[in-house]
Amino acid sequence: MDWIAEFMDSFPVMVRPAHLVEFRKFMQAVVGEGEFEAAYQKYRSNLEYDALLRGRHTWYLAEGECPYSSLPTFLYHYYRHEYFWSMEDGHLFGLPPEDCCLAFRISSHLSRQKSLVRNKSLSEEEYVRAARNLMRLGRERRPSLRVALLSATFQADATWKEASSLHCRHRHRQTMLDVYFKRWHARE
């Protein structure tokens with residue numbers, strides 16, 4: 001399967017159970033293993049080895065594999081029309097424009113904070129406070145919620161770019177934000 005997009009920032013991933021079964025069968029067939037666990041390990045090892053060989057001249061170490069990359073790629077190739085897609089700048093790489101329009105994030109990674117906890121630069125209590133603060137922004141309809149709606153990592157410097165949605169009728173970034181916040185204020 002050809003690479004489609006970076007799916008590691010789009011959570012949660014909702015998948016039909018029958019498609020999970022088909023994904024497992026696909027992995028087993030691709031690598032010639034009868035059990036999914038063995039098939040997936042072989043696939044992962046092959047991918048990492050191939051990436052290491054191809055990337056050596058650029059000092060690239062290896063490509064990691066995660067089901068959050070391979071599963072959406074499989075779904076896009078075989079069940080594209082059964083799911084909703086929102087891939088920033090995908091139209092620049094030949095993906096259909098309708099699959100590349102903005103959709104607000106319903107969840108956010110606190111990856112910077114999580115890294116700080118791992119490095120002991122931030123306490124677990126401070127991490128919990130940051131997560132609760134993010135939830136409070138939603139409950140209290142704070143304007144800073146815009147970052148969470150537009151970024152998978154709750155980082156202002158990593159939000160969906162304005163230019164990335166110019167081709168999208170009715171799903172243009174600023175239009176969607178305006179409508180979203182107007183509806184909130186209309187409820188009050």
# chains A, B, ... in the order shown; residues from 1 in each chain; ligands from 1
>>> closest_atom_pairs(of="region 153-177 of chain A", to="region 97-104 of chain A", cutoff="7 Å", atoms="only C-alpha atoms", output="Markdown table")
| residue | atom | partner | partner_atom | distance |
| --- | --- | --- | --- | --- |
| A:Ser165 | CA | A:Cys101 | CA | 5.7 |
| A:Cys168 | CA | A:Cys101 | CA | 5.7 |
| A:Arg171 | CA | A:Leu102 | CA | 5.9 |
| A:His172 | CA | A:Leu102 | CA | 6.9 |
| A:Arg173 | CA | A:Leu102 | CA | 6.6 |
>>> select_by_dssp(residues="region 18-188 of chain A", states="alpha helix (DSSP H)", output="JSON, numbers by chain")
{"A": [18, 19, 20, 21, 22, 23, 24, 25, 26, 27, 28, 29, 30, 31, 36, 37, 38, 39, 40, 41, 42, 43, 44, 45, 46, 47, 48, 49, 50, 51, 52, 53, 54, 55, 67, 68, 69, 70, 71, 72, 73, 74, 75, 76, 77, 78, 79, 111, 112, 113, 114, 115, 116, 117, 118, 124, 125, 126, 127, 128, 129, 130, 131, 132, 133, 134, 135, 136, 137, 138, 139, 145, 146, 147, 148, 149, 150, 173, 174, 175, 176, 177, 178, 179, 180, 181, 182, 183, 184, 185, 186, 187]}
>>> closest_residue(among="A:Ala38, A:Leu177, A:Val128, A:Leu52", to="Leu150 (chain A)", atoms="only C-alpha atoms")
A:Leu177
>>> atom_distance(atom1="CA of His19 (chain A)", atom2="CA of Lys42 (chain A)")
20.8 Å
>>> residues_around(residues="Gln174 (chain A)", least_positions_apart="4", cutoff="9 Å", atoms="only C-alpha atoms", output="list in words")
Glu162, Asp178 and Val179 of chain A
>>> write_last_selection(atoms="N, CA and C atoms", output="PDB file, in the first residue's frame")
ATOM      1  N   GLU A 162      -4.493  28.386   7.827  1.00  0.00           N
ATOM      2  CA  GLU A 162      -5.576  29.050   7.095  1.00  0.00           C
ATOM      3  C   GLU A 162      -5.544  28.658   5.611  1.00  0.00           C
ATOM      4  N   ASP A 178     -15.817  30.925  13.243  1.00  0.00           N
ATOM      5  CA  ASP A 178     -16.840  31.949  13.476  1.00  0.00           C
ATOM      6  C   ASP A 178     -18.190  31.318  13.774  1.00  0.00           C
ATOM      7  N   VAL A 179     -18.581  30.340  12.970  1.00  0.00           N
ATOM      8  CA  VAL A 179     -19.874  29.679  13.171  1.00  0.00           C
ATOM      9  C   VAL A 179     -19.886  28.945  14.504  1.00  0.00           C
TER      10      VAL A 179
END
>>> closest_residue(among="A:Arg146, A:Arg118, A:His81, A:Arg132", to="Ile106 (chain A)", atoms="only C-alpha atoms")
A:Arg146
>>> closest_residue(among="A:Ser123, A:Gln113, A:Asn133, A:Ser86", to="Ser164 (chain A)", atoms="only C-alpha atoms")
A:Ser86
>>> closest_residue(among="A:Pro96, A:Pro143, A:Gly138, A:Pro67", to="Val13 (chain A)", atoms="only C-alpha atoms")
A:Pro67
>>> residues_around(residues="region 24-31 of chain A", least_positions_apart="5", cutoff="10 Å", atoms="only C-alpha atoms", output="list in words")
His19, Phe36, Glu37, Ala38, Ala39, Tyr40, Gln41, Lys42, Tyr43, Asn46, Ser70, Leu71 and Phe74 of chain A
>>> atom_distance(atom1="CA of Pro12 (chain A)", atom2="CA of His91 (chain A)")
22.8 Å
>>> atom_distance(atom1="CA of Val117 (chain A)", atom2="CA of Tyr68 (chain A)")
23.3 Å
>>> residues_around(residues="Leu145 (chain A)", least_positions_apart="4", cutoff="12 Å", atoms="only C-alpha atoms", output="JSON, numbers by chain")
{"A": [104, 105, 106, 107, 108, 133, 134, 135, 136, 137, 138, 139, 140, 141, 149, 150, 151, 154, 155, 156, 159, 177, 180, 181]}
>>> write_last_selection(atoms="N, CA and C atoms", output="PDB file, in the first residue's frame")
ATOM      1  N   PHE A 104     -12.796  19.944  12.946  1.00  0.00           N
ATOM      2  CA  PHE A 104     -12.290  20.273  14.275  1.00  0.00           C
ATOM      3  C   PHE A 104     -11.854  19.018  15.013  1.00  0.00           C
ATOM      4  N   ARG A 105     -10.855  19.166  15.836  1.00  0.00           N
ATOM      5  CA  ARG A 105     -10.358  18.071  16.672  1.00  0.00           C
ATOM      6  C   ARG A 105     -11.323  17.847  17.825  1.00  0.00           C
ATOM      7  N   ILE A 106     -11.588  16.594  18.122  1.00  0.00           N
ATOM      8  CA  ILE A 106     -12.431  16.307  19.283  1.00  0.00           C
ATOM      9  C   ILE A 106     -11.595  15.841  20.461  1.00  0.00           C
ATOM     10  N   SER A 107     -10.290  15.699  20.211  1.00  0.00           N
ATOM     11  CA  SER A 107      -9.389  15.344  21.296  1.00  0.00           C
ATOM     12  C   SER A 107      -8.034  15.967  20.998  1.00  0.00           C
ATOM     13  N   SER A 108      -7.204  16.030  22.002  1.00  0.00           N
ATOM     14  CA  SER A 108      -5.903  16.665  21.844  1.00  0.00           C
ATOM     15  C   SER A 108      -4.862  15.892  22.637  1.00  0.00           C
ATOM     16  N   ASN A 133      -7.338  21.694  32.613  1.00  0.00           N
ATOM     17  CA  ASN A 133      -7.461  23.044  32.081  1.00  0.00           C
ATOM     18  C   ASN A 133      -8.004  23.006  30.652  1.00  0.00           C
ATOM     19  N   LEU A 134      -7.512  22.079  29.862  1.00  0.00           N
ATOM     20  CA  LEU A 134      -7.995  21.930  28.491  1.00  0.00           C
ATOM     21  C   LEU A 134      -9.489  21.611  28.482  1.00  0.00           C
ATOM     22  N   MET A 135      -9.930  20.709  29.354  1.00  0.00           N
ATOM     23  CA  MET A 135     -11.352  20.379  29.436  1.00  0.00           C
ATOM     24  C   MET A 135     -12.167  21.580  29.909  1.00  0.00           C
ATOM     25  N   ARG A 136     -11.602  22.365  30.821  1.00  0.00           N
ATOM     26  CA  ARG A 136     -12.287  23.566  31.316  1.00  0.00           C
ATOM     27  C   ARG A 136     -12.491  24.584  30.196  1.00  0.00           C
ATOM     28  N   LEU A 137     -11.502  24.715  29.326  1.00  0.00           N
ATOM     29  CA  LEU A 137     -11.629  25.633  28.188  1.00  0.00           C
ATOM     30  C   LEU A 137     -12.876  25.299  27.378  1.00  0.00           C
ATOM     31  N   GLY A 138     -13.105  24.019  27.180  1.00  0.00           N
ATOM     32  CA  GLY A 138     -14.289  23.593  26.447  1.00  0.00           C
ATOM     33  C   GLY A 138     -15.572  23.888  27.184  1.00  0.00           C
ATOM     34  N   ARG A 139     -15.604  23.577  28.464  1.00  0.00           N
ATOM     35  CA  ARG A 139     -16.821  23.825  29.254  1.00  0.00           C
ATOM     36  C   ARG A 139     -17.146  25.298  29.348  1.00  0.00           C
ATOM     37  N   GLU A 140     -16.128  26.127  29.492  1.00  0.00           N
ATOM     38  CA  GLU A 140     -16.344  27.567  29.695  1.00  0.00           C
ATOM     39  C   GLU A 140     -16.321  28.356  28.395  1.00  0.00           C
ATOM     40  N   ARG A 141     -16.177  27.669  27.279  1.00  0.00           N
ATOM     41  CA  ARG A 141     -16.217  28.303  25.960  1.00  0.00           C
ATOM     42  C   ARG A 141     -15.193  29.418  25.816  1.00  0.00           C
ATOM     43  N   LEU A 149      -9.107  23.038  19.013  1.00  0.00           N
ATOM     44  CA  LEU A 149      -9.934  22.650  17.871  1.00  0.00           C
ATOM     45  C   LEU A 149      -9.108  22.455  16.600  1.00  0.00           C
ATOM     46  N   LEU A 150      -7.971  23.144  16.521  1.00  0.00           N
ATOM     47  CA  LEU A 150      -7.174  23.166  15.290  1.00  0.00           C
ATOM     48  C   LEU A 150      -5.851  22.423  15.387  1.00  0.00           C
ATOM     49  N   SER A 151      -5.508  21.902  16.554  1.00  0.00           N
ATOM     50  CA  SER A 151      -4.212  21.249  16.727  1.00  0.00           C
ATOM     51  C   SER A 151      -4.373  19.924  17.444  1.00  0.00           C
ATOM     52  N   PHE A 154      -2.429  20.450  20.914  1.00  0.00           N
ATOM     53  CA  PHE A 154      -2.737  21.620  21.745  1.00  0.00           C
ATOM     54  C   PHE A 154      -1.548  22.585  21.777  1.00  0.00           C
ATOM     55  N   GLN A 155      -1.001  22.835  20.588  1.00  0.00           N
ATOM     56  CA  GLN A 155       0.122  23.754  20.446  1.00  0.00           C
ATOM     57  C   GLN A 155      -0.253  24.826  19.431  1.00  0.00           C
ATOM     58  N   ALA A 156      -0.129  26.076  19.827  1.00  0.00           N
ATOM     59  CA  ALA A 156      -0.506  27.185  18.954  1.00  0.00           C
ATOM     60  C   ALA A 156       0.299  27.193  17.661  1.00  0.00           C
ATOM     61  N   THR A 159      -1.216  24.469  14.531  1.00  0.00           N
ATOM     62  CA  THR A 159      -2.633  24.426  14.182  1.00  0.00           C
ATOM     63  C   THR A 159      -2.816  24.331  12.672  1.00  0.00           C
ATOM     64  N   LEU A 177     -14.651  28.465  12.504  1.00  0.00           N
ATOM     65  CA  LEU A 177     -14.458  29.015  13.854  1.00  0.00           C
ATOM     66  C   LEU A 177     -15.531  30.046  14.182  1.00  0.00           C
ATOM     67  N   TYR A 180     -18.803  28.253  14.810  1.00  0.00           N
ATOM     68  CA  TYR A 180     -18.723  27.480  16.050  1.00  0.00           C
ATOM     69  C   TYR A 180     -18.908  28.372  17.277  1.00  0.00           C
ATOM     70  N   PHE A 181     -18.169  29.464  17.333  1.00  0.00           N
ATOM     71  CA  PHE A 181     -18.259  30.334  18.499  1.00  0.00           C
ATOM     72  C   PHE A 181     -19.546  31.151  18.521  1.00  0.00           C
TER      73      PHE A 181
END
>>> closest_residue(among="A:Lys114, A:Arg16, A:Lys120, A:Lys161", to="Pro72 (chain A)", atoms="only C-alpha atoms")
A:Arg16
>>> decode(residues="region 91-102 of chain A", atoms="all heavy atoms", output="compact mmCIF listing (two decimals), in the first residue's frame")
# COMPACT_ATOMS: atom_id res chain seq x y z
N HIS A 91 -4.41 17.68 -0.50
CA HIS A 91 -4.69 18.00 -1.91
C HIS A 91 -3.42 18.39 -2.65
O HIS A 91 -3.33 18.23 -3.87
CB HIS A 91 -5.74 19.11 -2.00
CG HIS A 91 -5.31 20.42 -1.42
ND1 HIS A 91 -5.16 20.62 -0.06
CD2 HIS A 91 -4.98 21.58 -2.02
CE1 HIS A 91 -4.76 21.86 0.15
NE2 HIS A 91 -4.64 22.46 -1.02
N LEU A 92 -2.41 18.87 -1.93
CA LEU A 92 -1.14 19.22 -2.57
C LEU A 92 -0.36 17.98 -2.99
O LEU A 92 0.56 18.07 -3.80
CB LEU A 92 -0.28 20.05 -1.61
CG LEU A 92 -0.88 21.37 -1.15
CD1 LEU A 92 0.04 22.04 -0.13
CD2 LEU A 92 -1.14 22.30 -2.33
N PHE A 93 -0.73 16.83 -2.45
CA PHE A 93 -0.06 15.57 -2.76
C PHE A 93 -0.94 14.65 -3.60
O PHE A 93 -0.71 13.45 -3.67
CB PHE A 93 0.37 14.88 -1.48
CG PHE A 93 1.32 15.70 -0.67
CD1 PHE A 93 0.86 16.47 0.39
CD2 PHE A 93 2.67 15.75 -0.99
CE1 PHE A 93 1.74 17.26 1.13
CE2 PHE A 93 3.55 16.54 -0.27
CZ PHE A 93 3.08 17.29 0.79
N GLY A 94 -1.97 15.23 -4.21
CA GLY A 94 -2.81 14.46 -5.12
C GLY A 94 -4.01 13.78 -4.51
O GLY A 94 -4.73 13.07 -5.20
N LEU A 95 -4.26 13.99 -3.22
CA LEU A 95 -5.47 13.40 -2.63
C LEU A 95 -6.68 14.23 -3.04
O LEU A 95 -6.57 15.44 -3.27
CB LEU A 95 -5.35 13.37 -1.10
CG LEU A 95 -4.25 12.45 -0.55
CD1 LEU A 95 -4.22 12.52 0.97
CD2 LEU A 95 -4.44 11.02 -1.02
N PRO A 96 -7.85 13.63 -3.12
CA PRO A 96 -9.04 14.38 -3.51
C PRO A 96 -9.30 15.53 -2.54
O PRO A 96 -9.21 15.34 -1.32
CB PRO A 96 -10.16 13.34 -3.43
CG PRO A 96 -9.48 12.02 -3.49
CD PRO A 96 -8.13 12.21 -2.87
N PRO A 97 -9.63 16.70 -3.06
CA PRO A 97 -9.84 17.87 -2.19
C PRO A 97 -10.88 17.64 -1.09
O PRO A 97 -10.74 18.14 0.01
CB PRO A 97 -10.31 18.96 -3.16
CG PRO A 97 -9.77 18.55 -4.48
CD PRO A 97 -9.76 17.04 -4.47
N GLU A 98 -11.90 16.84 -1.39
CA GLU A 98 -12.94 16.61 -0.38
C GLU A 98 -12.42 15.84 0.84
O GLU A 98 -13.04 15.84 1.90
CB GLU A 98 -14.15 15.89 -0.98
CG GLU A 98 -13.89 14.50 -1.49
CD GLU A 98 -13.43 14.42 -2.95
OE1 GLU A 98 -13.04 15.46 -3.53
OE2 GLU A 98 -13.45 13.31 -3.50
N ASP A 99 -11.28 15.18 0.70
CA ASP A 99 -10.68 14.46 1.83
C ASP A 99 -9.69 15.33 2.60
O ASP A 99 -9.05 14.86 3.54
CB ASP A 99 -9.95 13.20 1.35
CG ASP A 99 -10.89 12.15 0.79
OD1 ASP A 99 -12.11 12.25 1.02
OD2 ASP A 99 -10.39 11.23 0.13
N CYS A 100 -9.56 16.58 2.19
CA CYS A 100 -8.50 17.43 2.72
C CYS A 100 -9.03 18.74 3.29
O CYS A 100 -8.35 19.77 3.26
CB CYS A 100 -7.48 17.73 1.62
SG CYS A 100 -6.87 16.23 0.83
N CYS A 101 -10.24 18.71 3.79
CA CYS A 101 -10.84 19.90 4.39
C CYS A 101 -10.84 19.77 5.91
O CYS A 101 -10.84 18.68 6.46
CB CYS A 101 -12.26 20.10 3.88
SG CYS A 101 -12.30 20.54 2.12
N LEU A 102 -10.86 20.90 6.54
CA LEU A 102 -10.78 20.99 7.99
C LEU A 102 -11.94 20.28 8.70
O LEU A 102 -13.09 20.37 8.29
CB LEU A 102 -10.77 22.47 8.40
CG LEU A 102 -10.84 22.78 9.88
CD1 LEU A 102 -9.61 22.27 10.61
CD2 LEU A 102 -10.98 24.28 10.09
